[in-house]
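Structure file coords10.cif with mmCIF, C-alpha atoms:
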```
data_work
loop_
_atom_site.label_atom_id
_atom_site.label_comp_id
_atom_site.auth_asym_id
_atom_site.auth_seq_id
_atom_site.Cartn_x
_atom_site.Cartn_y
_atom_site.Cartn_z
CA MET A 976 10.94 19.78 44.44
CA GLU A 977 8.34 21.85 42.64
CA MET A 978 7.87 20.66 39.07
CA CYS A 979 5.14 23.10 38.12
CA GLY A 980 7.38 26.03 38.93
CA SER A 981 6.12 29.55 38.34
CA LYS A 982 3.06 28.38 36.42
CA CYS A 983 1.33 27.66 39.72
CA ASN A 984 1.45 31.25 40.91
CA GLN A 985 0.45 33.04 37.72
CA GLY A 986 -2.78 35.06 37.80
CA THR A 987 -5.70 34.80 35.44
CA SER A 988 -5.99 36.92 32.33
CA SER A 989 -6.93 40.52 32.99
CA LYS A 990 -8.69 40.65 29.61
CA GLY A 991 -11.41 38.32 30.81
CA GLU A 992 -10.40 35.64 28.30
CA ARG A 993 -11.55 32.15 28.93
CA ALA A 994 -8.67 30.19 30.47
CA ASP A 995 -7.28 27.06 28.85
CA PRO A 996 -8.29 24.10 31.10
CA VAL A 997 -4.70 22.82 31.18
CA GLN A 998 -3.36 26.22 32.15
CA LYS A 999 -6.08 26.54 34.78
CA PHE A 1000 -5.06 23.13 36.14
CA ASP A 1001 -1.39 24.17 36.20
CA LYS A 1002 -2.19 27.42 38.04
CA ASP A 1003 -3.97 25.76 40.95
CA PRO A 1004 -1.40 25.15 43.75
CA ASP A 1005 -3.26 22.02 44.89
CA ASN A 1006 -2.96 20.53 41.41
CA CYS A 1007 0.73 21.36 41.33
CA GLN A 1008 1.20 19.43 44.53
CA VAL A 1009 -0.57 16.43 42.96
CA LEU A 1010 1.64 16.69 39.87
CA ASP A 1011 4.78 16.97 41.99
CA GLU A 1012 3.77 13.85 43.91
CA PHE A 1013 3.09 12.06 40.62
CA TYR A 1014 6.48 13.03 39.18
CA ASN A 1015 8.25 12.01 42.38
CA LYS A 1016 6.50 8.63 42.40
CA HIS A 1017 7.34 8.19 38.72
CA ALA A 1018 11.02 8.98 39.38
CA GLN A 1019 11.03 6.53 42.29
CA LYS A 1020 9.52 3.77 40.13
CA LEU A 1021 12.19 4.33 37.47
CA LYS A 1022 14.90 4.03 40.14
CA GLU A 1023 13.33 0.79 41.36
CA VAL A 1024 13.34 -0.69 37.86
CA LYS A 1025 16.98 0.35 37.38
CA HIS A 1026 17.78 -1.36 40.69
CA VAL A 1027 16.03 -4.55 39.54
CA PHE A 1028 18.02 -4.37 36.29
CA SER A 1029 21.28 -4.21 38.24
CA LYS A 1030 20.26 -7.22 40.38
CA LEU A 1031 19.55 -9.42 37.36
CA GLY A 1032 23.28 -9.73 36.84
CA GLU A 1033 24.23 -12.82 34.92
CA ASP A 1034 20.77 -14.26 34.32
CA ALA A 1035 20.68 -13.72 30.59
CA MET A 1036 17.12 -14.86 30.01
CA GLU A 1037 15.59 -12.70 32.74
CA SER A 1038 17.57 -9.71 31.50
CA MET A 1039 16.39 -10.18 27.93
CA MET A 1040 12.79 -10.70 29.01
CA MET A 1041 12.97 -7.49 31.04
CA ILE A 1042 14.37 -5.58 28.05
CA ASP A 1043 11.57 -6.96 25.90
CA ALA A 1044 8.92 -5.91 28.42
CA ILE A 1045 10.43 -2.44 28.84
CA GLN A 1046 10.53 -1.95 25.07
CA ARG A 1047 6.93 -3.10 24.67
CA LEU A 1048 5.90 -0.60 27.35
CA GLY A 1049 7.68 2.14 25.39
CA ILE A 1050 9.86 3.23 28.29
CA ASP A 1051 13.17 1.86 27.04
CA HIS A 1052 14.57 5.37 26.57
CA HIS A 1053 14.85 5.59 30.37
CA PHE A 1054 17.11 2.52 30.45
CA GLU A 1055 19.41 2.93 27.45
CA GLU A 1056 22.64 2.34 29.39
CA GLU A 1057 21.33 -0.73 31.20
CA ILE A 1058 19.90 -2.21 28.00
CA GLU A 1059 23.13 -1.58 26.10
CA ALA A 1060 25.18 -3.27 28.84
CA VAL A 1061 23.00 -6.39 28.78
CA LEU A 1062 22.94 -6.57 24.99
CA GLN A 1063 26.70 -6.10 24.78
CA LYS A 1064 27.15 -9.12 27.09
CA GLN A 1065 24.69 -11.13 25.00
CA TYR A 1066 26.46 -10.20 21.79
CA MET A 1067 29.84 -11.19 23.20
CA LYS A 1068 28.38 -14.48 24.45
CA SER A 1069 26.87 -15.33 21.08
CA SER A 1070 29.99 -14.21 19.18
CA ILE A 1071 32.41 -16.24 21.29
CA HIS A 1072 30.38 -19.33 22.15
CA GLY A 1073 27.86 -19.34 19.34
CA ASP A 1074 24.17 -19.72 20.03
CA CYS A 1075 23.81 -23.39 20.80
CA ASP A 1076 20.90 -23.03 23.21
CA GLU A 1077 18.12 -25.55 22.84
CA ASP A 1078 15.39 -23.07 23.78
CA LEU A 1079 13.79 -21.57 20.68
CA TYR A 1080 12.33 -18.64 22.58
CA GLU A 1081 15.67 -17.66 24.11
CA VAL A 1082 17.56 -17.86 20.82
CA ALA A 1083 14.85 -15.97 18.91
CA LEU A 1084 14.55 -13.30 21.61
CA ARG A 1085 18.34 -12.77 21.75
CA PHE A 1086 18.49 -12.59 17.97
CA ARG A 1087 15.63 -10.07 17.74
CA LEU A 1088 16.85 -7.81 20.54
CA LEU A 1089 20.37 -7.70 19.12
CA ARG A 1090 19.23 -7.15 15.53
CA GLN A 1091 16.84 -4.39 16.61
CA GLU A 1092 19.72 -2.55 18.25
CA GLY A 1093 21.89 -2.82 15.14
CA TYR A 1094 24.17 -5.70 16.09
CA THR A 1095 25.39 -7.81 13.18
CA LEU A 1096 24.20 -11.31 13.89
CA PRO A 1097 24.01 -14.18 11.43
CA ALA A 1098 20.60 -15.77 11.04
CA ASP A 1099 22.12 -19.25 10.91
CA VAL A 1100 21.73 -19.45 14.72
CA LEU A 1101 18.29 -20.80 13.82
CA ASN A 1102 19.81 -23.82 12.04
CA ASN A 1103 19.91 -25.56 15.44
CA PHE A 1104 16.14 -25.89 15.14
CA LYS A 1105 16.15 -27.62 11.77
CA ASN A 1106 16.17 -31.35 11.10
CA LYS A 1107 18.51 -33.28 8.77
CA GLU A 1108 16.30 -32.44 5.78
CA GLY A 1109 16.74 -28.72 6.45
CA LYS A 1110 13.18 -28.15 7.64
CA PHE A 1111 12.19 -26.70 11.00
CA LYS A 1112 11.62 -29.49 13.50
CA GLN A 1113 7.99 -30.52 13.96
CA ASN A 1114 8.28 -30.68 17.76
CA LEU A 1115 8.54 -26.87 17.71
CA ARG A 1116 4.79 -26.69 17.06
CA GLU A 1117 4.28 -27.36 20.79
CA ASP A 1118 6.28 -24.26 21.78
CA ILE A 1119 3.86 -21.36 21.21
CA ARG A 1120 6.07 -18.82 22.99
CA GLY A 1121 9.04 -19.99 20.93
CA LEU A 1122 7.02 -19.72 17.71
CA MET A 1123 5.97 -16.17 18.61
CA GLY A 1124 9.62 -15.30 19.24
CA LEU A 1125 10.63 -16.93 15.97
CA TYR A 1126 7.98 -15.01 14.06
CA GLU A 1127 9.05 -11.69 15.60
CA ALA A 1128 12.71 -12.46 14.86
CA SER A 1129 11.85 -13.29 11.25
CA GLN A 1130 10.55 -9.75 10.76
CA LEU A 1131 14.13 -8.48 11.02
CA SER A 1132 15.30 -10.29 7.92
CA ILE A 1133 17.72 -8.56 5.61
CA GLY A 1134 17.10 -11.05 2.84
CA GLU A 1135 18.13 -14.27 4.60
CA ASP A 1136 16.29 -17.35 3.36
CA ILE A 1137 16.27 -18.95 6.80
CA LEU A 1138 14.37 -15.99 8.27
CA GLU A 1139 11.82 -16.13 5.48
CA GLU A 1140 11.38 -19.86 6.15
CA ALA A 1141 11.12 -19.14 9.89
CA GLY A 1142 8.44 -16.52 9.29
CA ASN A 1143 6.40 -18.82 7.04
CA PHE A 1144 6.80 -21.79 9.38
CA SER A 1145 5.86 -19.92 12.54
CA SER A 1146 3.03 -17.98 10.89
CA LEU A 1147 1.49 -21.17 9.51
CA LEU A 1148 1.58 -22.90 12.91
CA LEU A 1149 0.43 -19.88 14.90
CA ASN A 1150 -2.51 -19.26 12.57
CA ALA A 1151 -3.53 -22.94 12.62
CA THR A 1152 -4.80 -22.79 16.18
#
```

Please express what this file holds, its structure, as structure tokens.
Amino acid sequence: MEMCGSKCNQGTSSKGERADPVQKFDKDPDNCQVLDEFYNKHAQKLKEVKHVFSKLGEDAMESMMMIDAIQRLGIDHHFEEEIEAVLQKQYMKSSIHGDCDEDLYEVALRFRLLRQEGYTLPADVLNNFKNKEGKFKQNLREDIRGLMGLYEASQLSIGEDILEEAGNFSSLLLNAT
């Protein structure tokens, strides 16, 4: 497969103009071979990641962590179908069974990923992490990863008080260290 196509075989300007370095690079057949190898390796890596995605199956946490990593790398556009399938399962799970997980990071990550993709999700899933007085539990201060997830989730507030509280709570604790 030749990605560089006809650019590789074009001649230089007959007017004696100074060639653009990128065009000069594209015209050299050896460089085209390097680019073709790069593109082929890139395509192979994408296939490998898609394969890993398909093997994750029912492990919700691993799937969500992979989506998060892929989004942070900025390559999520290559995996739109896989991401949508995982998020659809997560949405159905949280809609039917509620979000009664005890892990702050998992709940916050699920909430953020679903909200980012436009799913309607109530912020009261975070009430599981409040005490009887309506304040976030103090034992959460030990869970740095959970606090980071909570802070990121709080940034997707659409005016909910609980998300503002979550943002203030997590920000205060994260900045205290």

Applied to the shown file, which residues does the PyMOL selection byres ((chain A and resi 1034-1046) around 7) return, written as a PyMOL selection string?
chain A and resi 1031-1033+1047-1051+1058+1061+1081+1085

Determine the residue membership of the PyMOL selection byres ((chain A and resi 1132) around 12) for the file above and supply it as an mmCIF file with C-alpha atoms, keeping the file's coordinate frame.
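Ended up saving to part-v6.cif:
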```cif
data_model
loop_
_atom_site.group_PDB
_atom_site.id
_atom_site.type_symbol
_atom_site.label_atom_id
_atom_site.label_comp_id
_atom_site.auth_asym_id
_atom_site.auth_seq_id
_atom_site.Cartn_x
_atom_site.Cartn_y
_atom_site.Cartn_z
ATOM 1 C CA PHE A 1086 18.490 -12.590 17.970
ATOM 2 C CA ARG A 1087 15.630 -10.070 17.740
ATOM 3 C CA ARG A 1090 19.230 -7.150 15.530
ATOM 4 C CA GLN A 1091 16.840 -4.390 16.610
ATOM 5 C CA THR A 1095 25.390 -7.810 13.180
ATOM 6 C CA LEU A 1096 24.200 -11.310 13.890
ATOM 7 C CA PRO A 1097 24.010 -14.180 11.430
ATOM 8 C CA ALA A 1098 20.600 -15.770 11.040
ATOM 9 C CA ASP A 1099 22.120 -19.250 10.910
ATOM 10 C CA LEU A 1125 10.630 -16.930 15.970
ATOM 11 C CA TYR A 1126 7.980 -15.010 14.060
ATOM 12 C CA GLU A 1127 9.050 -11.690 15.600
ATOM 13 C CA ALA A 1128 12.710 -12.460 14.860
ATOM 14 C CA SER A 1129 11.850 -13.290 11.250
ATOM 15 C CA GLN A 1130 10.550 -9.750 10.760
ATOM 16 C CA LEU A 1131 14.130 -8.480 11.020
ATOM 17 C CA ILE A 1133 17.720 -8.560 5.610
ATOM 18 C CA GLY A 1134 17.100 -11.050 2.840
ATOM 19 C CA GLU A 1135 18.130 -14.270 4.600
ATOM 20 C CA ASP A 1136 16.290 -17.350 3.360
ATOM 21 C CA ILE A 1137 16.270 -18.950 6.800
ATOM 22 C CA LEU A 1138 14.370 -15.990 8.270
ATOM 23 C CA GLU A 1139 11.820 -16.130 5.480
ATOM 24 C CA GLU A 1140 11.380 -19.860 6.150
ATOM 25 C CA ALA A 1141 11.120 -19.140 9.890
ATOM 26 C CA GLY A 1142 8.440 -16.520 9.290
#
```

I want to know what sits within 9 Å of Arg1116 of chain A, based on all atoms listed in the file, with residues of the same chain fewer than 6 positions away left out; could you give that as an mmCIF file with C-alpha atoms, in the coordinates of the input?
```cif
data_model
loop_
_atom_site.group_PDB
_atom_site.id
_atom_site.type_symbol
_atom_site.label_atom_id
_atom_site.label_comp_id
_atom_site.auth_asym_id
_atom_site.auth_seq_id
_atom_site.Cartn_x
_atom_site.Cartn_y
_atom_site.Cartn_z
ATOM 1 C CA LEU A 1122 7.020 -19.720 17.710
ATOM 2 C CA SER A 1145 5.860 -19.920 12.540
ATOM 3 C CA LEU A 1148 1.580 -22.900 12.910
ATOM 4 C CA LEU A 1149 0.430 -19.880 14.900
#
```

If the box runs along x, y and z of the file and leaves 4 Å on each side of segment 1106-1118 of chain A, what are its centre and edge lengths in Å, one decimal, as AutoDock Vina command-line options?
```
--center_x 11.4 --center_y -28.8 --center_z 13.8 --size_x 22.2 --size_y 17.0 --size_z 24.0
```

Could you name the residues that touch Leu1079 of chain A at 10 Å or less, counting all atoms listed in the file, but leaving out those on the same chain fewer than 4 positions away, as a ChimeraX atom specification?
/A:1083-1085,1101,1103-1104,1115,1118-1125

Restricting it to C-alpha atoms, dump the selection as a compact mmCIF listing (two decimals), in the frame of the given file.
```
# COMPACT_ATOMS: atom_id res chain seq x y z
CA ALA A 1083 14.85 -15.97 18.91
CA LEU A 1084 14.55 -13.30 21.61
CA ARG A 1085 18.34 -12.77 21.75
CA LEU A 1101 18.29 -20.80 13.82
CA ASN A 1103 19.91 -25.56 15.44
CA PHE A 1104 16.14 -25.89 15.14
CA LEU A 1115 8.54 -26.87 17.71
CA ASP A 1118 6.28 -24.26 21.78
CA ILE A 1119 3.86 -21.36 21.21
CA ARG A 1120 6.07 -18.82 22.99
CA GLY A 1121 9.04 -19.99 20.93
CA LEU A 1122 7.02 -19.72 17.71
CA MET A 1123 5.97 -16.17 18.61
CA GLY A 1124 9.62 -15.30 19.24
CA LEU A 1125 10.63 -16.93 15.97
```

A:Glu1117, A:Phe1144, A:Phe1054, A:Ser1070: which is nearest Lys1105 of chain A, counting only C-alpha atoms?
A:Phe1144

Can you tell me how far atom CA of His1053 of chain A sits from atom CA of Val1009 of chain A, in Å to one decimal?
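That distance, rounded to one decimal, is 22.7 Å.
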
Rounded to one decimal in Å, what is the spacing between atom CA of Gln1113 of chain A and atom CA of Asn1143 of chain A?
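Computing the Euclidean distance for atom CA of Gln1113 of chain A and atom CA of Asn1143 of chain A yields 13.7 Å.
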
Point-to-point distance in Å for atom CA of Ile1071 of chain A and atom CA of Leu1088 of chain A
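Separation of atom CA of Leu1088 of chain A and atom CA of Ile1071 of chain A: 17.7 Å.
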
Pick from A:Gln1019, A:Val1082, A:Phe1013, A:Gly1093: nearest to Lys1068 of chain A, with all atoms listed in the file counted?
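Closest to Lys1068 of chain A, using all atoms listed in the file: A:Val1082.
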
Any chance you could export segment 1129-1143 of chain A with all heavy atoms, as a PDB file, in the first residue's frame?
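Now in part.pdb:
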```pdb
ATOM      1  N   SER A1129     -17.256  16.851  38.884  1.00  0.00           N
ATOM      2  CA  SER A1129     -17.931  18.082  39.332  1.00  0.00           C
ATOM      3  C   SER A1129     -17.891  19.179  38.277  1.00  0.00           C
ATOM      4  O   SER A1129     -18.733  20.079  38.274  1.00  0.00           O
ATOM      5  CB  SER A1129     -17.320  18.585  40.639  1.00  0.00           C
ATOM      6  OG  SER A1129     -16.057  19.182  40.416  1.00  0.00           O
ATOM      7  N   GLN A1130     -16.934  19.094  37.363  1.00  0.00           N
ATOM      8  CA  GLN A1130     -16.810  20.112  36.322  1.00  0.00           C
ATOM      9  C   GLN A1130     -17.918  20.009  35.277  1.00  0.00           C
ATOM     10  O   GLN A1130     -18.076  20.900  34.445  1.00  0.00           O
ATOM     11  CB  GLN A1130     -15.441  20.001  35.635  1.00  0.00           C
ATOM     12  CG  GLN A1130     -14.264  20.160  36.581  1.00  0.00           C
ATOM     13  CD  GLN A1130     -14.329  21.442  37.393  1.00  0.00           C
ATOM     14  OE1 GLN A1130     -14.370  22.533  36.836  1.00  0.00           O
ATOM     15  NE2 GLN A1130     -14.353  21.315  38.708  1.00  0.00           N
ATOM     16  N   LEU A1131     -18.703  18.943  35.336  1.00  0.00           N
ATOM     17  CA  LEU A1131     -19.792  18.747  34.382  1.00  0.00           C
ATOM     18  C   LEU A1131     -21.151  19.086  34.994  1.00  0.00           C
ATOM     19  O   LEU A1131     -22.180  18.604  34.554  1.00  0.00           O
ATOM     20  CB  LEU A1131     -19.775  17.301  33.863  1.00  0.00           C
ATOM     21  CG  LEU A1131     -18.501  16.946  33.092  1.00  0.00           C
ATOM     22  CD1 LEU A1131     -18.451  15.465  32.789  1.00  0.00           C
ATOM     23  CD2 LEU A1131     -18.396  17.754  31.816  1.00  0.00           C
ATOM     24  N   SER A1132     -21.122  19.935  35.976  1.00  0.00           N
ATOM     25  CA  SER A1132     -22.355  20.359  36.640  1.00  0.00           C
ATOM     26  C   SER A1132     -23.219  21.195  35.701  1.00  0.00           C
ATOM     27  O   SER A1132     -22.714  22.005  34.916  1.00  0.00           O
ATOM     28  CB  SER A1132     -22.014  21.199  37.873  1.00  0.00           C
ATOM     29  OG  SER A1132     -23.191  21.738  38.441  1.00  0.00           O
ATOM     30  N   ILE A1133     -24.504  20.974  35.807  1.00  0.00           N
ATOM     31  CA  ILE A1133     -25.464  21.823  35.094  1.00  0.00           C
ATOM     32  C   ILE A1133     -26.343  22.513  36.139  1.00  0.00           C
ATOM     33  O   ILE A1133     -27.546  22.602  36.008  1.00  0.00           O
ATOM     34  CB  ILE A1133     -26.293  21.028  34.055  1.00  0.00           C
ATOM     35  CG1 ILE A1133     -26.891  19.775  34.663  1.00  0.00           C
ATOM     36  CG2 ILE A1133     -25.455  20.700  32.850  1.00  0.00           C
ATOM     37  CD1 ILE A1133     -27.814  18.999  33.738  1.00  0.00           C
ATOM     38  N   GLY A1134     -25.654  22.968  37.194  1.00  0.00           N
ATOM     39  CA  GLY A1134     -26.330  23.710  38.249  1.00  0.00           C
ATOM     40  C   GLY A1134     -26.712  22.890  39.467  1.00  0.00           C
ATOM     41  O   GLY A1134     -27.399  23.399  40.352  1.00  0.00           O
ATOM     42  N   GLU A1135     -26.266  21.639  39.550  1.00  0.00           N
ATOM     43  CA  GLU A1135     -26.617  20.802  40.698  1.00  0.00           C
ATOM     44  C   GLU A1135     -25.769  21.177  41.905  1.00  0.00           C
ATOM     45  O   GLU A1135     -24.547  21.273  41.807  1.00  0.00           O
ATOM     46  CB  GLU A1135     -26.397  19.313  40.393  1.00  0.00           C
ATOM     47  CG  GLU A1135     -27.242  18.782  39.267  1.00  0.00           C
ATOM     48  CD  GLU A1135     -26.445  18.549  37.993  1.00  0.00           C
ATOM     49  OE1 GLU A1135     -25.465  19.286  37.741  1.00  0.00           O
ATOM     50  OE2 GLU A1135     -26.804  17.629  37.256  1.00  0.00           O
ATOM     51  N   ASP A1136     -26.423  21.374  43.042  1.00  0.00           N
ATOM     52  CA  ASP A1136     -25.725  21.728  44.279  1.00  0.00           C
ATOM     53  C   ASP A1136     -24.720  20.661  44.690  1.00  0.00           C
ATOM     54  O   ASP A1136     -23.619  20.977  45.143  1.00  0.00           O
ATOM     55  CB  ASP A1136     -26.725  21.947  45.420  1.00  0.00           C
ATOM     56  CG  ASP A1136     -27.548  23.216  45.231  1.00  0.00           C
ATOM     57  OD1 ASP A1136     -27.095  24.110  44.479  1.00  0.00           O
ATOM     58  OD2 ASP A1136     -28.638  23.303  45.825  1.00  0.00           O
ATOM     59  N   ILE A1137     -25.093  19.397  44.530  1.00  0.00           N
ATOM     60  CA  ILE A1137     -24.214  18.314  44.972  1.00  0.00           C
ATOM     61  C   ILE A1137     -22.894  18.318  44.198  1.00  0.00           C
ATOM     62  O   ILE A1137     -21.843  18.027  44.748  1.00  0.00           O
ATOM     63  CB  ILE A1137     -24.904  16.934  44.887  1.00  0.00           C
ATOM     64  CG1 ILE A1137     -24.033  15.886  45.590  1.00  0.00           C
ATOM     65  CG2 ILE A1137     -25.199  16.548  43.455  1.00  0.00           C
ATOM     66  CD1 ILE A1137     -24.721  14.572  45.838  1.00  0.00           C
ATOM     67  N   LEU A1138     -22.936  18.695  42.931  1.00  0.00           N
ATOM     68  CA  LEU A1138     -21.695  18.749  42.154  1.00  0.00           C
ATOM     69  C   LEU A1138     -20.842  19.948  42.554  1.00  0.00           C
ATOM     70  O   LEU A1138     -19.612  19.863  42.539  1.00  0.00           O
ATOM     71  CB  LEU A1138     -21.986  18.755  40.654  1.00  0.00           C
ATOM     72  CG  LEU A1138     -22.453  17.409  40.097  1.00  0.00           C
ATOM     73  CD1 LEU A1138     -22.794  17.526  38.622  1.00  0.00           C
ATOM     74  CD2 LEU A1138     -21.418  16.332  40.314  1.00  0.00           C
ATOM     75  N   GLU A1139     -21.491  21.032  42.941  1.00  0.00           N
ATOM     76  CA  GLU A1139     -20.717  22.176  43.432  1.00  0.00           C
ATOM     77  C   GLU A1139     -20.050  21.814  44.758  1.00  0.00           C
ATOM     78  O   GLU A1139     -18.881  22.108  44.975  1.00  0.00           O
ATOM     79  CB  GLU A1139     -21.608  23.408  43.597  1.00  0.00           C
ATOM     80  CG  GLU A1139     -20.787  24.625  43.935  1.00  0.00           C
ATOM     81  CD  GLU A1139     -21.556  25.916  43.746  1.00  0.00           C
ATOM     82  OE1 GLU A1139     -22.414  25.984  42.860  1.00  0.00           O
ATOM     83  OE2 GLU A1139     -21.249  26.857  44.503  1.00  0.00           O
ATOM     84  N   GLU A1140     -20.807  21.141  45.634  1.00  0.00           N
ATOM     85  CA  GLU A1140     -20.232  20.674  46.902  1.00  0.00           C
ATOM     86  C   GLU A1140     -19.077  19.711  46.643  1.00  0.00           C
ATOM     87  O   GLU A1140     -18.030  19.783  47.303  1.00  0.00           O
ATOM     88  CB  GLU A1140     -21.283  19.930  47.732  1.00  0.00           C
ATOM     89  CG  GLU A1140     -22.344  20.784  48.357  1.00  0.00           C
ATOM     90  CD  GLU A1140     -23.391  19.903  49.033  1.00  0.00           C
ATOM     91  OE1 GLU A1140     -22.996  19.008  49.838  1.00  0.00           O
ATOM     92  OE2 GLU A1140     -24.581  20.087  48.756  1.00  0.00           O
ATOM     93  N   ALA A1141     -19.276  18.796  45.691  1.00  0.00           N
ATOM     94  CA  ALA A1141     -18.242  17.806  45.362  1.00  0.00           C
ATOM     95  C   ALA A1141     -16.981  18.500  44.862  1.00  0.00           C
ATOM     96  O   ALA A1141     -15.868  18.119  45.236  1.00  0.00           O
ATOM     97  CB  ALA A1141     -18.770  16.831  44.311  1.00  0.00           C
ATOM     98  N   GLY A1142     -17.146  19.497  44.026  1.00  0.00           N
ATOM     99  CA  GLY A1142     -15.999  20.240  43.509  1.00  0.00           C
ATOM    100  C   GLY A1142     -15.254  20.964  44.616  1.00  0.00           C
ATOM    101  O   GLY A1142     -14.017  20.920  44.672  1.00  0.00           O
ATOM    102  N   ASN A1143     -15.980  21.620  45.499  1.00  0.00           N
ATOM    103  CA  ASN A1143     -15.356  22.338  46.620  1.00  0.00           C
ATOM    104  C   ASN A1143     -14.652  21.378  47.580  1.00  0.00           C
ATOM    105  O   ASN A1143     -13.515  21.620  48.002  1.00  0.00           O
ATOM    106  CB  ASN A1143     -16.389  23.166  47.375  1.00  0.00           C
ATOM    107  CG  ASN A1143     -16.911  24.318  46.543  1.00  0.00           C
ATOM    108  OD1 ASN A1143     -16.256  24.784  45.606  1.00  0.00           O
ATOM    109  ND2 ASN A1143     -18.104  24.780  46.861  1.00  0.00           N
TER     110      ASN A1143
END
```
